[in-house]
Amino acid sequence: MNLPLFIAKRIYLDKGDKQKVSHPAIRIATAGVAIGLAVMIISVCVVLGFKHSIRNKVIGFGSHIQVGNFMTLNSQGAEQYPVVMNDSMIQILKNISGVKSVQRFAYKQGILKTDKDFLGVNFKGVGPEWDSTFIHNNMVEGSIPHFDDKSSHNKILVSKIMADKLHLKSGEKIFSYFLDANGVRTRRFTISGIYNTNLKKYDETICFCDLYTAIKLNGWDTDQASGAELTVKDFDKLNQTSNNVINKVNKTVDKYGETYSSATITELNPQIFAWLGLMDLNVWVILGLMLAVAGVTMISGLLIIILERTNMIGILKALGAQNKTIRHTFLWFAVFIIGRGLIIGNILGIGLLVLQRHTGLITLDPATYYVSTVPVEFNWILILLINLATLFISTFILIAPSYLISHIHPAKSMRYE
């Protein structure tokens, strides 16, 4: 039989005198652990949800890796230079280890104009292989047309920001003007749909059209494009896949003498990903503070319990119990308190997260945070690790206070009131 565990159970289950100082101390210690754990779980799940929501939106517009002209990628897309993206090149990219899918794209700057207003935008031409899942999930009006690489259907997707500025609705016609060395060219498009991702950087500039249209407006050959967007199989292995692309494609030259290059989404959007990276520091600060709160409440609670149980400690010593045995008894008692706090903290934290996920109760300003409600993502492995870390650390920091027991003398403790 484990004597310390047995005695700790009896102490913990002893309801005894409700006026004892230890009763509120135990409740405060339990509340400290519960609130601390709930805050830690909520912080981690919300930050994960926020980071992945923003990351997925950026990836939705630019995929994981872009392969294009060296001049274009080094000018950050300010000016478009074509590269050959024929079937052979697409197949080479698809066969690179770690690559899941490949889709071509072409950009062309233009102006959308109504009778009363105009707006400069970036037309992104996409083909039939384009993965429209991201835009489909963010559609607010109309539908996504079939985009082609063989002919122009004169249909475009615009953002809600563009539609609001130009007072447009789905199904309406609009003229577009394109300026280049050959003069001004005009196209009349039908607005097939309106999307809204709340990612202002892209919503203000990107509208989608046929790949064929963008290539023709640029005056390129049919086998040319701005580049290709590569989706990787595992985002955690993005750098590894990027190195495979670099070894296979970078610095090679197409038949027109244009040099291929590549860049990851993190390299193309360093400010956004650096900002998301700072959130990890915030999480560590919150975890540290909450563990400190739980530890302090547990230390104070344990000291109160030890002082209140001085008589019992003296009797146990008089019966031959060693300091180690008594210390283990109170550490087991602390584990019971921490365990109860963990149960309450999990119910509280996960319960609030489930409520937020299914109701969107807490809203945000999308202009500032890029999302309209607080996003939540459950990572059960991290939640389990937080529970285990809280239990271990909270118990570990109680080892030093438990040595107070060794200073209690049996003879004096018998007279202690």
# chains A, B, ... in the order shown; residues from 1 in each chain; ligands from 1
>>> select_by_dssp(residues="region 144-270 of chain A", states="strand (DSSP E)", output="VMD selection string")
chain A and resid 155 to 159 173 to 180 183 to 195 206 to 210 224 to 225 227 to 232 260 to 264
>>> residues_around(residues="region 135-148 of chain A", least_positions_apart="4", cutoff="8 Å", atoms="only C-alpha atoms", output="PyMOL selection string")
chain A and resi 60+126-128+152-153+155-157+160+170-171+192-197+209-212
>>> select_by_dssp(residues="region 34-252 of chain A", states="alpha helix (DSSP H)", output="mmCIF file with N, CA and C atoms, in the first residue's frame")
data_model
loop_
_atom_site.group_PDB
_atom_site.id
_atom_site.type_symbol
_atom_site.label_atom_id
_atom_site.label_comp_id
_atom_site.auth_asym_id
_atom_site.auth_seq_id
_atom_site.Cartn_x
_atom_site.Cartn_y
_atom_site.Cartn_z
ATOM 1 N N ALA A 34 -7.547 26.096 -12.678
ATOM 2 C CA ALA A 34 -8.595 25.993 -13.705
ATOM 3 C C ALA A 34 -8.579 27.195 -14.643
ATOM 4 N N ILE A 35 -8.530 28.390 -14.078
ATOM 5 C CA ILE A 35 -8.534 29.600 -14.909
ATOM 6 C C ILE A 35 -7.259 29.688 -15.745
ATOM 7 N N GLY A 36 -6.123 29.367 -15.107
ATOM 8 C CA GLY A 36 -4.863 29.395 -15.838
ATOM 9 C C GLY A 36 -4.870 28.444 -17.013
ATOM 10 N N LEU A 37 -5.342 27.209 -16.798
ATOM 11 C CA LEU A 37 -5.387 26.227 -17.876
ATOM 12 C C LEU A 37 -6.364 26.652 -18.970
ATOM 13 N N ALA A 38 -7.526 27.150 -18.575
ATOM 14 C CA ALA A 38 -8.520 27.590 -19.565
ATOM 15 C C ALA A 38 -7.962 28.702 -20.444
ATOM 16 N N VAL A 39 -7.287 29.664 -19.832
ATOM 17 C CA VAL A 39 -6.698 30.773 -20.602
ATOM 18 C C VAL A 39 -5.623 30.254 -21.550
ATOM 19 N N MET A 40 -4.800 29.307 -21.090
ATOM 20 C CA MET A 40 -3.745 28.757 -21.941
ATOM 21 C C MET A 40 -4.330 28.014 -23.136
ATOM 22 N N ILE A 41 -5.356 27.190 -22.894
ATOM 23 C CA ILE A 41 -5.980 26.445 -23.988
ATOM 24 C C ILE A 41 -6.627 27.392 -24.986
ATOM 25 N N ILE A 42 -7.350 28.385 -24.482
ATOM 26 C CA ILE A 42 -8.007 29.354 -25.370
ATOM 27 C C ILE A 42 -6.971 30.129 -26.177
ATOM 28 N N SER A 43 -5.904 30.554 -25.526
ATOM 29 C CA SER A 43 -4.866 31.324 -26.224
ATOM 30 C C SER A 43 -4.245 30.524 -27.356
ATOM 31 N N VAL A 44 -3.866 29.283 -27.069
ATOM 32 C CA VAL A 44 -3.210 28.446 -28.082
ATOM 33 C C VAL A 44 -4.157 28.165 -29.249
ATOM 34 N N CYS A 45 -5.401 27.786 -28.958
ATOM 35 C CA CYS A 45 -6.351 27.438 -30.021
ATOM 36 C C CYS A 45 -6.745 28.651 -30.862
ATOM 37 N N VAL A 46 -6.881 29.808 -30.234
ATOM 38 C CA VAL A 46 -7.235 31.018 -30.982
ATOM 39 C C VAL A 46 -6.067 31.479 -31.849
ATOM 40 N N VAL A 47 -4.860 31.466 -31.292
ATOM 41 C CA VAL A 47 -3.694 31.886 -32.075
ATOM 42 C C VAL A 47 -3.458 30.933 -33.243
ATOM 43 N N LEU A 48 -3.594 29.623 -33.000
ATOM 44 C CA LEU A 48 -3.463 28.663 -34.097
ATOM 45 C C LEU A 48 -4.511 28.918 -35.172
ATOM 46 N N GLY A 49 -5.756 29.142 -34.747
ATOM 47 C CA GLY A 49 -6.824 29.422 -35.701
ATOM 48 C C GLY A 49 -6.571 30.689 -36.483
ATOM 49 N N PHE A 50 -6.096 31.722 -35.788
ATOM 50 C CA PHE A 50 -5.828 33.004 -36.441
ATOM 51 C C PHE A 50 -4.686 32.872 -37.443
ATOM 52 N N LYS A 51 -3.588 32.232 -37.012
ATOM 53 C CA LYS A 51 -2.423 32.081 -37.892
ATOM 54 C C LYS A 51 -2.782 31.283 -39.143
ATOM 55 N N HIS A 52 -3.478 30.177 -38.965
ATOM 56 C CA HIS A 52 -3.798 29.327 -40.102
ATOM 57 C C HIS A 52 -4.857 29.953 -40.997
ATOM 58 N N SER A 53 -5.772 30.735 -40.430
ATOM 59 C CA SER A 53 -6.778 31.424 -41.254
ATOM 60 C C SER A 53 -6.112 32.441 -42.172
ATOM 61 N N ILE A 54 -5.220 33.261 -41.606
ATOM 62 C CA ILE A 54 -4.525 34.263 -42.413
ATOM 63 C C ILE A 54 -3.598 33.581 -43.409
ATOM 64 N N ARG A 55 -2.874 32.563 -42.944
ATOM 65 C CA ARG A 55 -1.953 31.854 -43.835
ATOM 66 C C ARG A 55 -2.696 31.239 -45.014
ATOM 67 N N ASN A 56 -3.838 30.615 -44.753
ATOM 68 C CA ASN A 56 -4.600 29.977 -45.823
ATOM 69 C C ASN A 56 -5.148 31.001 -46.812
ATOM 70 N N LYS A 57 -5.460 32.197 -46.324
ATOM 71 C CA LYS A 57 -5.945 33.236 -47.234
ATOM 72 C C LYS A 57 -4.832 33.711 -48.162
ATOM 73 N N VAL A 58 -3.646 33.904 -47.602
ATOM 74 C CA VAL A 58 -2.505 34.323 -48.426
ATOM 75 C C VAL A 58 -2.172 33.230 -49.436
ATOM 76 N N ILE A 59 -2.176 31.973 -48.982
ATOM 77 C CA ILE A 59 -1.894 30.851 -49.871
ATOM 78 C C ILE A 59 -2.978 30.720 -50.933
ATOM 79 N N GLY A 60 -4.223 31.045 -50.573
ATOM 80 C CA GLY A 60 -5.320 30.975 -51.532
ATOM 81 C C GLY A 60 -5.099 31.871 -52.734
ATOM 82 N N PHE A 61 -4.403 32.972 -52.538
ATOM 83 C CA PHE A 61 -4.129 33.896 -53.645
ATOM 84 C C PHE A 61 -2.819 33.575 -54.373
ATOM 85 N N GLY A 62 -1.871 32.930 -53.690
ATOM 86 C CA GLY A 62 -0.568 32.730 -54.316
ATOM 87 C C GLY A 62 0.001 31.340 -54.205
ATOM 88 N N PHE A 70 12.700 35.103 -63.579
ATOM 89 C CA PHE A 70 13.619 35.677 -62.585
ATOM 90 C C PHE A 70 13.391 37.178 -62.426
ATOM 91 N N MET A 71 13.152 37.876 -63.530
ATOM 92 C CA MET A 71 12.951 39.334 -63.491
ATOM 93 C C MET A 71 11.658 39.688 -62.760
ATOM 94 N N THR A 72 10.608 38.911 -62.976
ATOM 95 C CA THR A 72 9.323 39.191 -62.322
ATOM 96 C C THR A 72 9.402 38.998 -60.818
ATOM 97 N N LEU A 73 9.968 37.875 -60.388
ATOM 98 C CA LEU A 73 10.037 37.569 -58.962
ATOM 99 C C LEU A 73 10.942 38.546 -58.221
ATOM 100 N N ASN A 74 11.972 39.049 -58.877
ATOM 101 C CA ASN A 74 12.871 39.993 -58.223
ATOM 102 C C ASN A 74 12.366 41.420 -58.267
ATOM 103 N N ASP A 87 2.968 22.084 -71.638
ATOM 104 C CA ASP A 87 2.664 20.807 -70.986
ATOM 105 C C ASP A 87 3.923 20.126 -70.449
ATOM 106 N N SER A 88 5.033 20.246 -71.174
ATOM 107 C CA SER A 88 6.277 19.610 -70.733
ATOM 108 C C SER A 88 6.771 20.216 -69.427
ATOM 109 N N MET A 89 6.728 21.546 -69.346
ATOM 110 C CA MET A 89 7.184 22.221 -68.132
ATOM 111 C C MET A 89 6.263 21.902 -66.957
ATOM 112 N N ILE A 90 4.972 21.868 -67.210
ATOM 113 C CA ILE A 90 4.009 21.539 -66.150
ATOM 114 C C ILE A 90 4.281 20.131 -65.612
ATOM 115 N N GLN A 91 4.584 19.196 -66.509
ATOM 116 C CA GLN A 91 4.843 17.822 -66.091
ATOM 117 C C GLN A 91 6.123 17.734 -65.267
ATOM 118 N N ILE A 92 7.146 18.522 -65.643
ATOM 119 C CA ILE A 92 8.389 18.554 -64.865
ATOM 120 C C ILE A 92 8.114 19.024 -63.440
ATOM 121 N N LEU A 93 7.305 20.066 -63.301
ATOM 122 C CA LEU A 93 6.984 20.611 -61.983
ATOM 123 C C LEU A 93 6.165 19.610 -61.162
ATOM 124 N N LYS A 94 5.234 18.913 -61.816
ATOM 125 C CA LYS A 94 4.400 17.950 -61.099
ATOM 126 C C LYS A 94 5.219 16.779 -60.570
ATOM 127 N N THR A 133 -11.375 26.384 -54.843
ATOM 128 C CA THR A 133 -11.974 26.095 -53.532
ATOM 129 C C THR A 133 -11.931 27.296 -52.606
ATOM 130 N N PHE A 134 -10.774 27.968 -52.537
ATOM 131 C CA PHE A 134 -10.625 29.101 -51.629
ATOM 132 C C PHE A 134 -11.595 30.228 -51.982
ATOM 133 N N ILE A 135 -11.646 30.605 -53.251
ATOM 134 C CA ILE A 135 -12.545 31.680 -53.670
ATOM 135 C C ILE A 135 -13.998 31.248 -53.515
ATOM 136 N N HIS A 136 -14.277 29.985 -53.816
ATOM 137 C CA HIS A 136 -15.649 29.482 -53.669
ATOM 138 C C HIS A 136 -16.142 29.634 -52.231
ATOM 139 N N LYS A 160 -15.499 42.271 -53.288
ATOM 140 C CA LYS A 160 -16.565 43.121 -52.757
ATOM 141 C C LYS A 160 -16.094 44.567 -52.625
ATOM 142 N N ILE A 161 -14.814 44.744 -52.303
ATOM 143 C CA ILE A 161 -14.267 46.103 -52.209
ATOM 144 C C ILE A 161 -14.381 46.809 -53.550
ATOM 145 N N MET A 162 -14.023 46.119 -54.631
ATOM 146 C CA MET A 162 -14.139 46.710 -55.978
ATOM 147 C C MET A 162 -15.596 46.988 -56.327
ATOM 148 N N ALA A 163 -16.453 46.005 -56.031
ATOM 149 C CA ALA A 163 -17.875 46.156 -56.358
ATOM 150 C C ALA A 163 -18.494 47.334 -55.607
ATOM 151 N N ASP A 164 -18.118 47.512 -54.343
ATOM 152 C CA ASP A 164 -18.658 48.626 -53.552
ATOM 153 C C ASP A 164 -18.156 49.971 -54.069
ATOM 154 N N LYS A 165 -16.877 50.026 -54.439
ATOM 155 C CA LYS A 165 -16.319 51.293 -54.930
ATOM 156 C C LYS A 165 -16.937 51.717 -56.259
ATOM 157 N N LEU A 166 -17.215 50.727 -57.115
ATOM 158 C CA LEU A 166 -17.755 51.026 -58.448
ATOM 159 C C LEU A 166 -19.263 50.819 -58.524
ATOM 160 N N LYS A 200 -7.327 42.634 -47.278
ATOM 161 C CA LYS A 200 -7.417 43.880 -48.040
ATOM 162 C C LYS A 200 -6.343 44.005 -49.105
ATOM 163 N N LYS A 201 -5.141 43.533 -48.792
ATOM 164 C CA LYS A 201 -4.018 43.644 -49.725
ATOM 165 C C LYS A 201 -4.366 43.044 -51.080
ATOM 166 N N TYR A 202 -5.116 41.954 -51.088
ATOM 167 C CA TYR A 202 -5.468 41.279 -52.337
ATOM 168 C C TYR A 202 -6.850 41.690 -52.828
ATOM 169 N N ASP A 203 -7.794 41.868 -51.916
ATOM 170 C CA ASP A 203 -9.150 42.234 -52.325
ATOM 171 C C ASP A 203 -9.192 43.567 -53.072
ATOM 172 N N LEU A 211 -7.263 32.708 -68.385
ATOM 173 C CA LEU A 211 -5.827 32.710 -68.656
ATOM 174 C C LEU A 211 -5.563 33.165 -70.092
ATOM 175 N N TYR A 212 -6.400 32.719 -71.017
ATOM 176 C CA TYR A 212 -6.259 33.093 -72.424
ATOM 177 C C TYR A 212 -6.326 34.612 -72.598
ATOM 178 N N THR A 213 -7.251 35.252 -71.883
ATOM 179 C CA THR A 213 -7.416 36.700 -71.991
ATOM 180 C C THR A 213 -6.183 37.444 -71.511
ATOM 181 N N ALA A 214 -5.663 37.050 -70.343
ATOM 182 C CA ALA A 214 -4.487 37.724 -69.788
ATOM 183 C C ALA A 214 -3.266 37.557 -70.689
ATOM 184 N N ILE A 215 -3.088 36.361 -71.253
ATOM 185 C CA ILE A 215 -1.942 36.111 -72.137
ATOM 186 C C ILE A 215 -2.048 36.952 -73.403
ATOM 187 N N LYS A 216 -3.229 37.024 -74.006
ATOM 188 C CA LYS A 216 -3.422 37.799 -75.225
ATOM 189 C C LYS A 216 -3.242 39.289 -74.983
ATOM 190 N N LEU A 217 -3.754 39.772 -73.844
ATOM 191 C CA LEU A 217 -3.611 41.194 -73.519
ATOM 192 C C LEU A 217 -2.146 41.565 -73.301
ATOM 193 N N ASN A 218 -1.336 40.612 -72.829
ATOM 194 C CA ASN A 218 0.095 40.855 -72.643
ATOM 195 C C ASN A 218 0.873 40.736 -73.947
ATOM 196 N N LEU A 238 7.626 22.739 -46.486
ATOM 197 C CA LEU A 238 7.669 23.732 -47.570
ATOM 198 C C LEU A 238 9.094 24.027 -48.008
ATOM 199 N N ASN A 239 9.997 24.245 -47.068
ATOM 200 C CA ASN A 239 11.377 24.586 -47.415
ATOM 201 C C ASN A 239 12.068 23.439 -48.143
ATOM 202 N N GLN A 240 11.781 22.220 -47.718
ATOM 203 C CA GLN A 240 12.375 21.056 -48.368
ATOM 204 C C GLN A 240 11.895 20.940 -49.814
ATOM 205 N N THR A 241 10.586 21.113 -50.011
ATOM 206 C CA THR A 241 10.033 21.066 -51.368
ATOM 207 C C THR A 241 10.561 22.216 -52.208
ATOM 208 N N SER A 242 10.700 23.391 -51.576
ATOM 209 C CA SER A 242 11.240 24.551 -52.286
ATOM 210 C C SER A 242 12.662 24.283 -52.777
ATOM 211 N N ASN A 243 13.454 23.612 -51.949
ATOM 212 C CA ASN A 243 14.828 23.271 -52.357
ATOM 213 C C ASN A 243 14.815 22.298 -53.534
ATOM 214 N N ASN A 244 13.834 21.381 -53.547
ATOM 215 C CA ASN A 244 13.715 20.463 -54.684
ATOM 216 C C ASN A 244 13.392 21.221 -55.968
ATOM 217 N N VAL A 245 12.519 22.227 -55.845
ATOM 218 C CA VAL A 245 12.171 23.056 -57.011
ATOM 219 C C VAL A 245 13.377 23.848 -57.479
ATOM 220 N N ILE A 246 14.116 24.409 -56.534
ATOM 221 C CA ILE A 246 15.311 25.200 -56.873
ATOM 222 C C ILE A 246 16.326 24.336 -57.627
ATOM 223 N N ASN A 247 16.558 23.133 -57.136
ATOM 224 C CA ASN A 247 17.537 22.248 -57.776
ATOM 225 C C ASN A 247 17.104 21.816 -59.166
ATOM 226 N N LYS A 248 15.788 21.713 -59.375
ATOM 227 C CA LYS A 248 15.282 21.205 -60.644
ATOM 228 C C LYS A 248 15.043 22.299 -61.681
#
>>> closest_atom_pairs(of="region 7-114 of chain A", to="region 251-260 of chain A", cutoff="7 Å", atoms="only C-alpha atoms", output="CSV")
residue,atom,partner,partner_atom,distance
A:Val67,CA,A:Tyr260,CA,6.9
A:Gly68,CA,A:Tyr260,CA,5.6
A:Asn69,CA,A:Tyr260,CA,5.0
A:Phe70,CA,A:Tyr260,CA,5.6
A:Val83,CA,A:Glu258,CA,6.1
A:Val84,CA,A:Asp254,CA,6.2
>>> write_last_selection(atoms="C-alpha atoms", output="mmCIF file, in the first residue's frame")
data_model
loop_
_atom_site.group_PDB
_atom_site.id
_atom_site.type_symbol
_atom_site.label_atom_id
_atom_site.label_comp_id
_atom_site.auth_asym_id
_atom_site.auth_seq_id
_atom_site.Cartn_x
_atom_site.Cartn_y
_atom_site.Cartn_z
ATOM 1 C CA VAL A 67 7.737 29.479 -60.364
ATOM 2 C CA GLY A 68 8.188 32.328 -62.805
ATOM 3 C CA ASN A 69 10.555 34.644 -64.582
ATOM 4 C CA PHE A 70 13.619 35.677 -62.585
ATOM 5 C CA VAL A 83 8.246 32.214 -69.157
ATOM 6 C CA VAL A 84 7.288 29.111 -71.079
#
>>> residues_around(residues="region 108-123 of chain A", least_positions_apart="4", cutoff="6 Å", atoms="only C-alpha atoms", output="PyMOL selection string")
chain A and resi 175-178+205-208+214
>>> write_last_selection(atoms="all heavy atoms", output="mmCIF file, in the first residue's frame")
data_model
loop_
_atom_site.group_PDB
_atom_site.id
_atom_site.type_symbol
_atom_site.label_atom_id
_atom_site.label_comp_id
_atom_site.auth_asym_id
_atom_site.auth_seq_id
_atom_site.Cartn_x
_atom_site.Cartn_y
_atom_site.Cartn_z
ATOM 1 N N PHE A 175 -16.694 47.936 -68.668
ATOM 2 C CA PHE A 175 -15.595 48.093 -69.612
ATOM 3 C C PHE A 175 -14.265 48.108 -68.863
ATOM 4 O O PHE A 175 -14.162 48.640 -67.755
ATOM 5 C CB PHE A 175 -15.751 49.392 -70.411
ATOM 6 C CG PHE A 175 -16.778 49.306 -71.497
ATOM 7 C CD1 PHE A 175 -18.055 49.827 -71.312
ATOM 8 C CD2 PHE A 175 -16.472 48.696 -72.713
ATOM 9 C CE1 PHE A 175 -19.003 49.749 -72.313
ATOM 10 C CE2 PHE A 175 -17.424 48.616 -73.721
ATOM 11 C CZ PHE A 175 -18.689 49.141 -73.526
ATOM 12 N N SER A 176 -13.256 47.505 -69.492
ATOM 13 C CA SER A 176 -11.907 47.500 -68.938
ATOM 14 C C SER A 176 -10.950 48.053 -69.981
ATOM 15 O O SER A 176 -11.090 47.769 -71.178
ATOM 16 C CB SER A 176 -11.483 46.082 -68.546
ATOM 17 O OG SER A 176 -12.364 45.551 -67.584
ATOM 18 N N TYR A 177 -9.984 48.810 -69.509
ATOM 19 C CA TYR A 177 -9.015 49.444 -70.402
ATOM 20 C C TYR A 177 -7.612 48.987 -70.024
ATOM 21 O O TYR A 177 -7.262 48.918 -68.840
ATOM 22 C CB TYR A 177 -9.118 50.964 -70.315
ATOM 23 C CG TYR A 177 -10.467 51.496 -70.761
ATOM 24 C CD1 TYR A 177 -11.524 51.602 -69.856
ATOM 25 C CD2 TYR A 177 -10.690 51.869 -72.076
ATOM 26 C CE1 TYR A 177 -12.771 52.067 -70.260
ATOM 27 C CE2 TYR A 177 -11.937 52.347 -72.495
ATOM 28 C CZ TYR A 177 -12.964 52.432 -71.580
ATOM 29 O OH TYR A 177 -14.197 52.899 -71.994
ATOM 30 N N PHE A 178 -6.817 48.710 -71.059
ATOM 31 C CA PHE A 178 -5.461 48.213 -70.858
ATOM 32 C C PHE A 178 -4.497 49.084 -71.655
ATOM 33 O O PHE A 178 -4.650 49.231 -72.874
ATOM 34 C CB PHE A 178 -5.358 46.749 -71.303
ATOM 35 C CG PHE A 178 -6.343 45.852 -70.600
ATOM 36 C CD1 PHE A 178 -7.609 45.627 -71.144
ATOM 37 C CD2 PHE A 178 -6.021 45.244 -69.396
ATOM 38 C CE1 PHE A 178 -8.515 44.807 -70.502
ATOM 39 C CE2 PHE A 178 -6.924 44.429 -68.745
ATOM 40 C CZ PHE A 178 -8.169 44.205 -69.298
ATOM 41 N N THR A 205 -6.965 44.641 -55.168
ATOM 42 C CA THR A 205 -6.239 44.646 -56.443
ATOM 43 C C THR A 205 -6.559 43.489 -57.386
ATOM 44 O O THR A 205 -6.430 43.646 -58.602
ATOM 45 C CB THR A 205 -4.718 44.630 -56.185
ATOM 46 O OG1 THR A 205 -4.378 43.468 -55.416
ATOM 47 C CG2 THR A 205 -4.287 45.871 -55.417
ATOM 48 N N ILE A 206 -6.949 42.309 -56.873
ATOM 49 C CA ILE A 206 -7.046 41.124 -57.718
ATOM 50 C C ILE A 206 -8.470 40.854 -58.194
ATOM 51 O O ILE A 206 -9.401 40.741 -57.403
ATOM 52 C CB ILE A 206 -6.541 39.868 -56.972
ATOM 53 C CG1 ILE A 206 -5.098 40.052 -56.512
ATOM 54 C CG2 ILE A 206 -6.667 38.640 -57.865
ATOM 55 C CD1 ILE A 206 -4.107 40.171 -57.632
ATOM 56 N N CYS A 207 -8.627 40.779 -59.516
ATOM 57 C CA CYS A 207 -9.846 40.220 -60.095
ATOM 58 C C CYS A 207 -9.429 39.108 -61.056
ATOM 59 O O CYS A 207 -8.341 39.152 -61.642
ATOM 60 C CB CYS A 207 -10.690 41.282 -60.787
ATOM 61 S SG CYS A 207 -10.001 41.950 -62.300
ATOM 62 N N PHE A 208 -10.271 38.115 -61.205
ATOM 63 C CA PHE A 208 -9.912 36.911 -61.948
ATOM 64 C C PHE A 208 -10.562 36.906 -63.332
ATOM 65 O O PHE A 208 -11.719 37.313 -63.491
ATOM 66 C CB PHE A 208 -10.350 35.668 -61.175
ATOM 67 C CG PHE A 208 -9.634 35.480 -59.866
ATOM 68 C CD1 PHE A 208 -10.127 36.060 -58.704
ATOM 69 C CD2 PHE A 208 -8.463 34.743 -59.789
ATOM 70 C CE1 PHE A 208 -9.466 35.896 -57.492
ATOM 71 C CE2 PHE A 208 -7.797 34.563 -58.591
ATOM 72 C CZ PHE A 208 -8.299 35.152 -57.439
ATOM 73 N N ALA A 214 -5.663 37.050 -70.343
ATOM 74 C CA ALA A 214 -4.487 37.724 -69.788
ATOM 75 C C ALA A 214 -3.266 37.557 -70.689
ATOM 76 O O ALA A 214 -2.492 38.502 -70.894
ATOM 77 C CB ALA A 214 -4.194 37.190 -68.399
#
>>> atom_distance(atom1="CA of Val158 (chain A)", atom2="CA of Glu204 (chain A)")
9.3 Å
>>> residues_around(residues="Lys173 (chain A)", least_positions_apart="3", cutoff="7 Å", atoms="only C-alpha atoms", output="PyMOL selection string")
chain A and resi 188-191
>>> atom_distance(atom1="CA of Lys324 (chain A)", atom2="CA of Pro4 (chain A)")
9.4 Å
>>> residues_around(residues="His328 (chain A)", least_positions_apart="6", cutoff="10 Å", atoms="only C-alpha atoms", output="count of residues only")
8
>>> atom_distance(atom1="CA of Ala25 (chain A)", atom2="CA of Leu13 (chain A)")
15.1 Å
>>> closest_residue(among="A:Ala31, A:Gly339, A:Ile315, A:Ala367", to="Leu388 (chain A)", atoms="only C-alpha atoms")
A:Gly339
>>> closest_residue(among="A:Leu302, A:Leu348, A:Ile343, A:Val371", to="Leu404 (chain A)", atoms="only C-alpha atoms")
A:Leu302
>>> decode(residues="region 270-274 of chain A", atoms="all heavy atoms", output="short mmCIF file (atom, residue, chain, number, x, y, z; two decimals), in the first residue's frame")
data_model
loop_
_atom_site.label_atom_id
_atom_site.label_comp_id
_atom_site.auth_asym_id
_atom_site.auth_seq_id
_atom_site.Cartn_x
_atom_site.Cartn_y
_atom_site.Cartn_z
N PRO A 270 6.82 38.50 -46.77
CA PRO A 270 7.59 38.42 -45.52
C PRO A 270 6.96 39.18 -44.36
O PRO A 270 7.05 38.75 -43.21
CB PRO A 270 8.95 39.02 -45.91
CG PRO A 270 8.66 39.88 -47.09
CD PRO A 270 7.56 39.21 -47.83
N GLN A 271 6.29 40.32 -44.66
CA GLN A 271 5.70 41.12 -43.58
C GLN A 271 4.58 40.37 -42.88
O GLN A 271 4.49 40.35 -41.65
CB GLN A 271 5.17 42.46 -44.12
CG GLN A 271 6.23 43.35 -44.73
CD GLN A 271 6.42 43.09 -46.21
OE1 GLN A 271 5.89 42.12 -46.76
NE2 GLN A 271 7.17 43.96 -46.87
N ILE A 272 3.71 39.75 -43.67
CA ILE A 272 2.57 39.03 -43.08
C ILE A 272 3.03 37.85 -42.25
O ILE A 272 2.57 37.64 -41.12
CB ILE A 272 1.60 38.56 -44.19
CG1 ILE A 272 0.93 39.78 -44.84
CG2 ILE A 272 0.55 37.61 -43.63
CD1 ILE A 272 -0.01 39.42 -45.97
N PHE A 273 3.98 37.07 -42.77
CA PHE A 273 4.42 35.88 -42.04
C PHE A 273 5.30 36.25 -40.84
O PHE A 273 5.31 35.52 -39.84
CB PHE A 273 5.15 34.93 -42.99
CG PHE A 273 4.22 34.14 -43.86
CD1 PHE A 273 3.84 34.60 -45.11
CD2 PHE A 273 3.68 32.94 -43.41
CE1 PHE A 273 2.97 33.88 -45.91
CE2 PHE A 273 2.80 32.21 -44.19
CZ PHE A 273 2.44 32.69 -45.45
N ALA A 274 6.01 37.37 -40.92
CA ALA A 274 6.77 37.84 -39.75
C ALA A 274 5.81 38.27 -38.66
O ALA A 274 6.05 38.01 -37.47
CB ALA A 274 7.68 38.99 -40.15
#
